[in-house]
Amino acid sequence: MVKYVLKRVLIGILTMLVLITATFFLMHIIPGSPFISDDDTAAAMKAYEALEAKYGLDKPYGEQYIIYMKGILKGELGESLIRKGQKVVDIIARCAPVTAKLAATAFIFSMVVGITLGTIAAFAKRRLVNGVTMVISTIGVSVPNFLIGLGLMIFFGVKLKLVPIIGLDTVSSYIMPTIALSLHPIAMITRLTKSSMQEVMRQDYMTLARSKGSGKLKVIIRHGIKNAMLPVVTYAGPLIASLMTGSFVIESLFSIPGIGAEYVSSVSNRDYFLIMGLTIFLGLLIIICNILSDIVAAMIDPRIKVGK
Amino acid sequence: MNEEKNPVSAETETIDPAMFEPLDDSEKNAEFIAVESRTFMRDAWNSFKKNKLALVSLFFLIFMILMAIFVPIISPFTYDGQDMSIANQNPTWTHPFGTDKFGRDILVRVMYGARISLSVGFAAAGICMVIGIIYGGIAGYVGGRLDMIMMRVVDILYAVPNLLYTILIMLVFGSNMFSVLLGVCISSWIGMARLVRTQVMSLKEQEFSLAALVLGASKQRILFKHLIVNSIGPIIVSLTMMVPSAIFRESFLGFVGIGISAPMSSWGTLANEARNMIYTYPIQLVWPVGAICLTMLALNFLGDGLGEALDPKKR
């Protein structure tokens, strides 16, 4: 187990290194500069050069890269080039919790609804129940989440005025972004749970548990769900990551000041240190989530780490 | 050795043809197979036809592709022809989908959008398929250390936050077809590569692969003519799932405002433009959104149908 975890962490560190390097050079290829202004008088050019020199942007890329990497080793992410005096760490600390709260709500919501629907669909005999779960999962897979968000916003926010359409200030303002973000994961989890539950129910150990005299519901809960959760757990890690990084459009749609909005504006402002900081933060998050879900999967099913 | 005559062949020469008599017809045809032998694809088509939803989806997609090709050719309107006197019209006979705020015909614009969105979808899926098949095929077939290295590279790419990268790439290479394709493909081929690798790994242990090797087929030939061809079912299914995800990614970019640039608008860009008009002319939003949703639905149903038809275990 320790060896397995160690190996995953090692790959994770390597991934971070590649990610940081690639982003650093890619970002500098984007035409434009954070300090460019419209007037090109001698004074403005002087100021521009002074600013470039102050942040070390006049040095060759290779040298800038080494300086930046040294900074990271010391845990230093630098400060924003646009918003003077604000540290990148502080900006992340301010906007990440907003996104995290929304992502956590959406994560819990989609897990609970998805697993429940999937379990119901796996055992449903009636066509109606099956039909309803099928419709939900098909819509979730097919309709892009920003369109769902837009639809909800027009109908419940603008027409019926039931919920606020901007920001995340009250509890009720979580409803629409959460649903918009969750429908796709719900569809995926429902499908995964349904197929793996049906697979598990055919296994011999389920028959054994029933023949020992355990009640049907008890068998499903104690043995069925636990074993059927494996594909869901493998899906959950990347899901957290994609909820954190993939909520750009939902954030812009509902004017939520989260990490996605910050990223888009940092890229279009060429705020180099902020781009790097956010990429590192999100990359690290994805890697940690993936490693965690692999470890949990290996704990549920010990065969996995031997197989890999 | 040469002197020693084969006793069997010596005897055969002396056999008198009169010892034989012809079979009668009933015996001749005893092993005749009455049912016409069907190829795998024919079988799959027969089972696919039974799935009405998938069949309807297939026809819808063909219809959509034909519309995307021919509507802009036939239509008297162009995608950028502005006419302020007819701005923001509701649907009429001349403009079945109405006109936008510059008086441009929305039907033609949606069909131009279909050209962009569909070609992004299919091109991206095609590129990812080719890369995935070659990469996954080699990793799975060669195996060992090379496989280990190739899969670690895939692991690293998999952890890249791909939406961030798509945005970065769009800004580096500009808002054009190339950067959209690059942004979509940078991570989407990974799933295909993993799928092909697992398929190839299990197929290469089977007897037909050994038989091909014994018959002297080269490794390349075995990999591409036998192993890949035999895993074509799952490949096609994952291909049909890749098209909607590419369309989704492209429309997402358009919706955020960094998609393929105006006046040639994709569906996402059209939806984004119409979003500003939702209070005054909500009907304008219906067309691009409807086009995206219906196409994605159709592709998903098609994928499900193909999945069932091409998987011999599910039939």
# chains A, B, ... in the order shown; residues from 1 in each chain; ligands from 1
>>> closest_atom_pairs(of="chain B", to="chain A", cutoff="9 Å", atoms="only C-alpha atoms", output="Markdown table")
| residue | atom | partner | partner_atom | distance |
| --- | --- | --- | --- | --- |
| B:Arg152 | CA | A:Ile11 | CA | 7.6 |
| B:Val153 | CA | A:Thr15 | CA | 8.8 |
| B:Asp155 | CA | A:Ile11 | CA | 8.0 |
| B:Ile156 | CA | A:Thr15 | CA | 4.9 |
| B:Leu157 | CA | A:Thr15 | CA | 7.7 |
| B:Ala159 | CA | A:Ile287 | CA | 6.0 |
| B:Val160 | CA | A:Gly283 | CA | 6.4 |
| B:Pro161 | CA | A:Gly283 | CA | 6.1 |
| B:Asn162 | CA | A:Thr245 | CA | 8.7 |
| B:Leu163 | CA | A:Gly246 | CA | 6.8 |
| B:Leu164 | CA | A:Thr279 | CA | 7.7 |
| B:Tyr165 | CA | A:Thr23 | CA | 8.3 |
| B:Ile167 | CA | A:Val264 | CA | 7.9 |
| B:Leu168 | CA | A:Met27 | CA | 7.1 |
| B:Ile169 | CA | A:Leu26 | CA | 7.9 |
| B:Leu171 | CA | A:Ile30 | CA | 6.2 |
| B:Val172 | CA | A:Ile30 | CA | 4.4 |
| B:Phe173 | CA | A:Ile30 | CA | 7.8 |
| B:Pro244 | CA | A:Ser142 | CA | 7.8 |
| B:Phe248 | CA | A:Pro144 | CA | 6.3 |
| B:Ser251 | CA | A:Pro144 | CA | 8.7 |
| B:Phe252 | CA | A:Val249 | CA | 7.6 |
| B:Phe255 | CA | A:Val249 | CA | 8.0 |
| B:Val256 | CA | A:Val249 | CA | 6.6 |
| B:Ala271 | CA | A:Leu147 | CA | 8.8 |
| B:Arg275 | CA | A:Leu150 | CA | 8.4 |
| B:Ile278 | CA | A:Ile154 | CA | 7.8 |
| B:Tyr279 | CA | A:Val158 | CA | 8.5 |
| B:Val289 | CA | A:Leu147 | CA | 7.2 |
| B:Ile292 | CA | A:Val143 | CA | 7.8 |
| B:Cys293 | CA | A:Val143 | CA | 5.3 |
| B:Leu294 | CA | A:Ser142 | CA | 8.3 |
| B:Thr295 | CA | A:Ser142 | CA | 8.5 |
| B:Met296 | CA | A:Ser142 | CA | 5.1 |
| B:Leu297 | CA | A:Ser142 | CA | 5.1 |
| B:Ala298 | CA | A:Ser142 | CA | 8.6 |
| B:Leu299 | CA | A:Ser142 | CA | 8.4 |
| B:Asn300 | CA | A:Ser142 | CA | 6.8 |
| B:Phe301 | CA | A:Thr138 | CA | 8.5 |
>>> residues_around(residues="A:Val200", least_positions_apart="5", cutoff="9 Å", atoms="only C-alpha atoms", output="list in words")
Ser195, Tyr205, Met206, His223, Gly224, Ile225, Asn227 and Ala228 of chain A
>>> residues_around(residues="B:Asp311", least_positions_apart="6", cutoff="12 Å", atoms="only C-alpha atoms", output="NGL selection string")
:B and (40-41 or 43-45 or 47-48 or 230-237 or 303-305)
>>> write_last_selection(atoms="all heavy atoms", output="tab-separated table (two decimals), in the first residue's frame")
chain	number	residue	atom	x	y	z
B	40	PHE	N	-20.17	-9.29	-39.77
B	40	PHE	CA	-20.34	-8.66	-38.46
B	40	PHE	C	-21.11	-7.34	-38.58
B	40	PHE	O	-22.04	-7.07	-37.84
B	40	PHE	CB	-18.97	-8.42	-37.85
B	40	PHE	CG	-19.01	-7.65	-36.56
B	40	PHE	CD1	-19.56	-8.22	-35.42
B	40	PHE	CD2	-18.51	-6.36	-36.48
B	40	PHE	CE1	-19.60	-7.53	-34.24
B	40	PHE	CE2	-18.56	-5.66	-35.30
B	40	PHE	CZ	-19.10	-6.24	-34.18
B	41	MET	N	-20.74	-6.55	-39.58
B	41	MET	CA	-21.35	-5.24	-39.74
B	41	MET	C	-22.83	-5.35	-40.09
B	41	MET	O	-23.66	-4.58	-39.64
B	41	MET	CB	-20.62	-4.44	-40.83
B	41	MET	CG	-19.36	-3.79	-40.32
B	41	MET	SD	-19.72	-2.70	-38.91
B	41	MET	CE	-18.12	-2.56	-38.16
B	43	ASP	N	-24.80	-7.82	-39.26
B	43	ASP	CA	-25.44	-8.25	-38.03
B	43	ASP	C	-25.69	-7.06	-37.11
B	43	ASP	O	-26.77	-6.89	-36.56
B	43	ASP	CB	-24.49	-9.22	-37.32
B	43	ASP	CG	-25.20	-10.48	-36.92
B	43	ASP	OD1	-26.31	-10.71	-37.45
B	43	ASP	OD2	-24.66	-11.22	-36.09
B	44	ALA	N	-24.66	-6.24	-37.00
B	44	ALA	CA	-24.76	-5.05	-36.14
B	44	ALA	C	-25.86	-4.12	-36.66
B	44	ALA	O	-26.66	-3.60	-35.90
B	44	ALA	CB	-23.42	-4.32	-36.11
B	45	TRP	N	-25.93	-3.96	-37.99
B	45	TRP	CA	-26.93	-3.09	-38.59
B	45	TRP	C	-28.32	-3.59	-38.30
B	45	TRP	O	-29.22	-2.83	-37.93
B	45	TRP	CB	-26.67	-2.96	-40.09
B	45	TRP	CG	-27.76	-2.26	-40.85
B	45	TRP	CD1	-28.52	-2.78	-41.83
B	45	TRP	CD2	-28.20	-0.91	-40.68
B	45	TRP	NE1	-29.42	-1.85	-42.28
B	45	TRP	CE2	-29.24	-0.68	-41.59
B	45	TRP	CE3	-27.81	0.13	-39.82
B	45	TRP	CZ2	-29.90	0.53	-41.70
B	45	TRP	CZ3	-28.49	1.34	-39.93
B	45	TRP	CH2	-29.51	1.54	-40.85
B	47	SER	N	-29.29	-5.33	-35.77
B	47	SER	CA	-29.67	-5.11	-34.38
B	47	SER	C	-29.83	-3.61	-34.11
B	47	SER	O	-30.67	-3.21	-33.31
B	47	SER	CB	-28.63	-5.75	-33.47
B	47	SER	OG	-28.14	-4.85	-32.56
B	48	PHE	N	-29.06	-2.79	-34.83
B	48	PHE	CA	-29.17	-1.34	-34.67
B	48	PHE	C	-30.53	-0.84	-35.13
B	48	PHE	O	-31.15	0.02	-34.50
B	48	PHE	CB	-28.06	-0.66	-35.48
B	48	PHE	CG	-28.07	0.85	-35.40
B	48	PHE	CD1	-27.55	1.50	-34.31
B	48	PHE	CD2	-28.61	1.60	-36.43
B	48	PHE	CE1	-27.56	2.88	-34.23
B	48	PHE	CE2	-28.62	2.98	-36.36
B	48	PHE	CZ	-28.10	3.61	-35.26
B	230	ASN	N	-10.33	-5.74	-34.68
B	230	ASN	CA	-11.20	-6.48	-33.78
B	230	ASN	C	-11.73	-5.64	-32.63
B	230	ASN	O	-12.69	-6.03	-31.98
B	230	ASN	CB	-10.46	-7.70	-33.23
B	230	ASN	CG	-10.68	-8.90	-34.11
B	230	ASN	OD1	-11.79	-9.39	-34.23
B	230	ASN	ND2	-9.63	-9.32	-34.78
B	231	SER	N	-11.09	-4.51	-32.35
B	231	SER	CA	-11.63	-3.68	-31.28
B	231	SER	C	-12.41	-2.50	-31.85
B	231	SER	O	-12.63	-1.51	-31.17
B	231	SER	CB	-10.51	-3.20	-30.35
B	231	SER	OG	-9.36	-2.89	-31.06
B	232	ILE	N	-12.85	-2.61	-33.09
B	232	ILE	CA	-13.49	-1.48	-33.76
B	232	ILE	C	-14.81	-1.09	-33.08
B	232	ILE	O	-15.18	0.08	-33.07
B	232	ILE	CB	-13.69	-1.78	-35.27
B	232	ILE	CG1	-13.77	-0.49	-36.08
B	232	ILE	CG2	-14.93	-2.61	-35.53
B	232	ILE	CD1	-12.45	0.17	-36.27
B	233	GLY	N	-15.49	-2.05	-32.47
B	233	GLY	CA	-16.78	-1.77	-31.81
B	233	GLY	C	-16.65	-0.70	-30.74
B	233	GLY	O	-17.22	0.38	-30.85
B	234	PRO	N	-15.88	-0.99	-29.67
B	234	PRO	CA	-15.70	0.02	-28.62
B	234	PRO	C	-15.12	1.33	-29.16
B	234	PRO	O	-15.48	2.41	-28.67
B	234	PRO	CB	-14.70	-0.63	-27.66
B	234	PRO	CG	-14.78	-2.07	-27.93
B	234	PRO	CD	-15.23	-2.26	-29.33
B	235	ILE	N	-14.26	1.24	-30.18
B	235	ILE	CA	-13.67	2.47	-30.73
B	235	ILE	C	-14.76	3.35	-31.34
B	235	ILE	O	-14.82	4.56	-31.07
B	235	ILE	CB	-12.60	2.14	-31.79
B	235	ILE	CG1	-11.38	1.53	-31.11
B	235	ILE	CG2	-12.18	3.39	-32.55
B	235	ILE	CD1	-10.27	1.12	-32.05
B	236	ILE	N	-15.65	2.74	-32.12
B	236	ILE	CA	-16.72	3.53	-32.74
B	236	ILE	C	-17.62	4.14	-31.68
B	236	ILE	O	-18.00	5.32	-31.75
B	236	ILE	CB	-17.55	2.66	-33.71
B	236	ILE	CG1	-16.70	2.32	-34.93
B	236	ILE	CG2	-18.81	3.38	-34.16
B	236	ILE	CD1	-17.39	1.46	-35.93
B	237	VAL	N	-17.95	3.34	-30.65
B	237	VAL	CA	-18.82	3.86	-29.60
B	237	VAL	C	-18.18	5.06	-28.91
B	237	VAL	O	-18.81	6.11	-28.74
B	237	VAL	CB	-19.13	2.76	-28.56
B	237	VAL	CG1	-19.90	3.35	-27.40
B	237	VAL	CG2	-19.92	1.65	-29.20
B	303	GLY	N	-24.79	6.89	-30.01
B	303	GLY	CA	-23.70	6.19	-29.34
B	303	GLY	C	-24.21	5.00	-28.54
B	303	GLY	O	-23.65	3.90	-28.62
B	304	ASP	N	-25.31	5.21	-27.79
B	304	ASP	CA	-25.89	4.11	-27.02
B	304	ASP	C	-26.31	2.97	-27.94
B	304	ASP	O	-26.03	1.79	-27.68
B	304	ASP	CB	-27.11	4.59	-26.22
B	304	ASP	CG	-26.68	5.40	-25.01
B	304	ASP	OD1	-25.48	5.37	-24.69
B	304	ASP	OD2	-27.55	6.06	-24.41
B	305	GLY	N	-27.00	3.35	-29.04
B	305	GLY	CA	-27.48	2.34	-29.99
B	305	GLY	C	-26.34	1.55	-30.59
B	305	GLY	O	-26.37	0.32	-30.66
>>> select_by_dssp(residues="stretch 245-284 of chain A", states="alpha helix (DSSP H)", output="ChimeraX atom specification")
/A:245,248-253,259-268,272-284
>>> closest_residue(among="A:Met276, A:Val171, A:Val163, A:Met134", to="A:Gly114", atoms="only C-alpha atoms")
A:Met134
>>> closest_residue(among="B:Met19, B:Val200, B:Cys185, B:Ser218", to="B:Gly126", atoms="only C-alpha atoms")
B:Cys185
>>> closest_residue(among="B:Glu21, B:Glu27, B:Glu273, B:Glu207", to="B:Leu285", atoms="only C-alpha atoms")
B:Glu273
>>> residues_around(residues="A:Ala103", least_positions_apart="6", cutoff="8 Å", atoms="only C-alpha atoms", output="ChimeraX atom specification")
/A:178,240,243-244
>>> residues_around(residues="B:Leu302", least_positions_apart="4", cutoff="9 Å", atoms="only C-alpha atoms", output="list in words")
Leu53, Ala54, Leu55, Val56, Ser57, Leu58, Val237, Thr240, Met241, Leu297, Ala298, Leu306 and Gly307 of chain B
>>> residues_around(residues="stretch 88-98 of chain A", least_positions_apart="3", cutoff="7 Å", atoms="only C-alpha atoms", output="JSON, numbers by chain")
{"A": [77, 78, 79, 80, 101, 102, 257, 258, 259, 274, 277]}
>>> closest_atom_pairs(of="stretch 92-138 of chain B", to="stretch 177-181 of chain B", cutoff="9 Å", atoms="only C-alpha atoms", output="JSON lines")
{"residue": "B:Ile116", "atom": "CA", "partner": "B:Met177", "partner_atom": "CA", "distance": 8.4}
{"residue": "B:Val120", "atom": "CA", "partner": "B:Leu181", "partner_atom": "CA", "distance": 6.6}
{"residue": "B:Gly121", "atom": "CA", "partner": "B:Leu181", "partner_atom": "CA", "distance": 8.8}
{"residue": "B:Ala123", "atom": "CA", "partner": "B:Leu181", "partner_atom": "CA", "distance": 7.7}
{"residue": "B:Ala124", "atom": "CA", "partner": "B:Leu181", "partner_atom": "CA", "distance": 5.8}
{"residue": "B:Ile127", "atom": "CA", "partner": "B:Leu181", "partner_atom": "CA", "distance": 8.8}
>>> write_last_selection(atoms="N, CA and C atoms", output="mmCIF file, in the first residue's frame")
data_model
loop_
_atom_site.group_PDB
_atom_site.id
_atom_site.type_symbol
_atom_site.label_atom_id
_atom_site.label_comp_id
_atom_site.auth_asym_id
_atom_site.auth_seq_id
_atom_site.Cartn_x
_atom_site.Cartn_y
_atom_site.Cartn_z
ATOM 1 N N ILE B 116 -19.673 24.931 -38.609
ATOM 2 C CA ILE B 116 -18.508 25.054 -37.724
ATOM 3 C C ILE B 116 -18.570 24.016 -36.610
ATOM 4 N N VAL B 120 -16.056 20.928 -36.233
ATOM 5 C CA VAL B 120 -15.175 20.830 -35.068
ATOM 6 C C VAL B 120 -15.383 19.485 -34.389
ATOM 7 N N GLY B 121 -16.651 19.117 -34.175
ATOM 8 C CA GLY B 121 -16.947 17.850 -33.503
ATOM 9 C C GLY B 121 -16.339 16.661 -34.212
ATOM 10 N N ALA B 123 -14.090 16.578 -36.757
ATOM 11 C CA ALA B 123 -12.640 16.641 -36.970
ATOM 12 C C ALA B 123 -11.898 16.308 -35.688
ATOM 13 N N ALA B 124 -12.340 16.889 -34.573
ATOM 14 C CA ALA B 124 -11.653 16.626 -33.315
ATOM 15 C C ALA B 124 -11.730 15.143 -32.971
ATOM 16 N N ILE B 127 -9.323 13.216 -35.263
ATOM 17 C CA ILE B 127 -7.914 13.384 -34.897
ATOM 18 C C ILE B 127 -7.605 12.581 -33.632
#
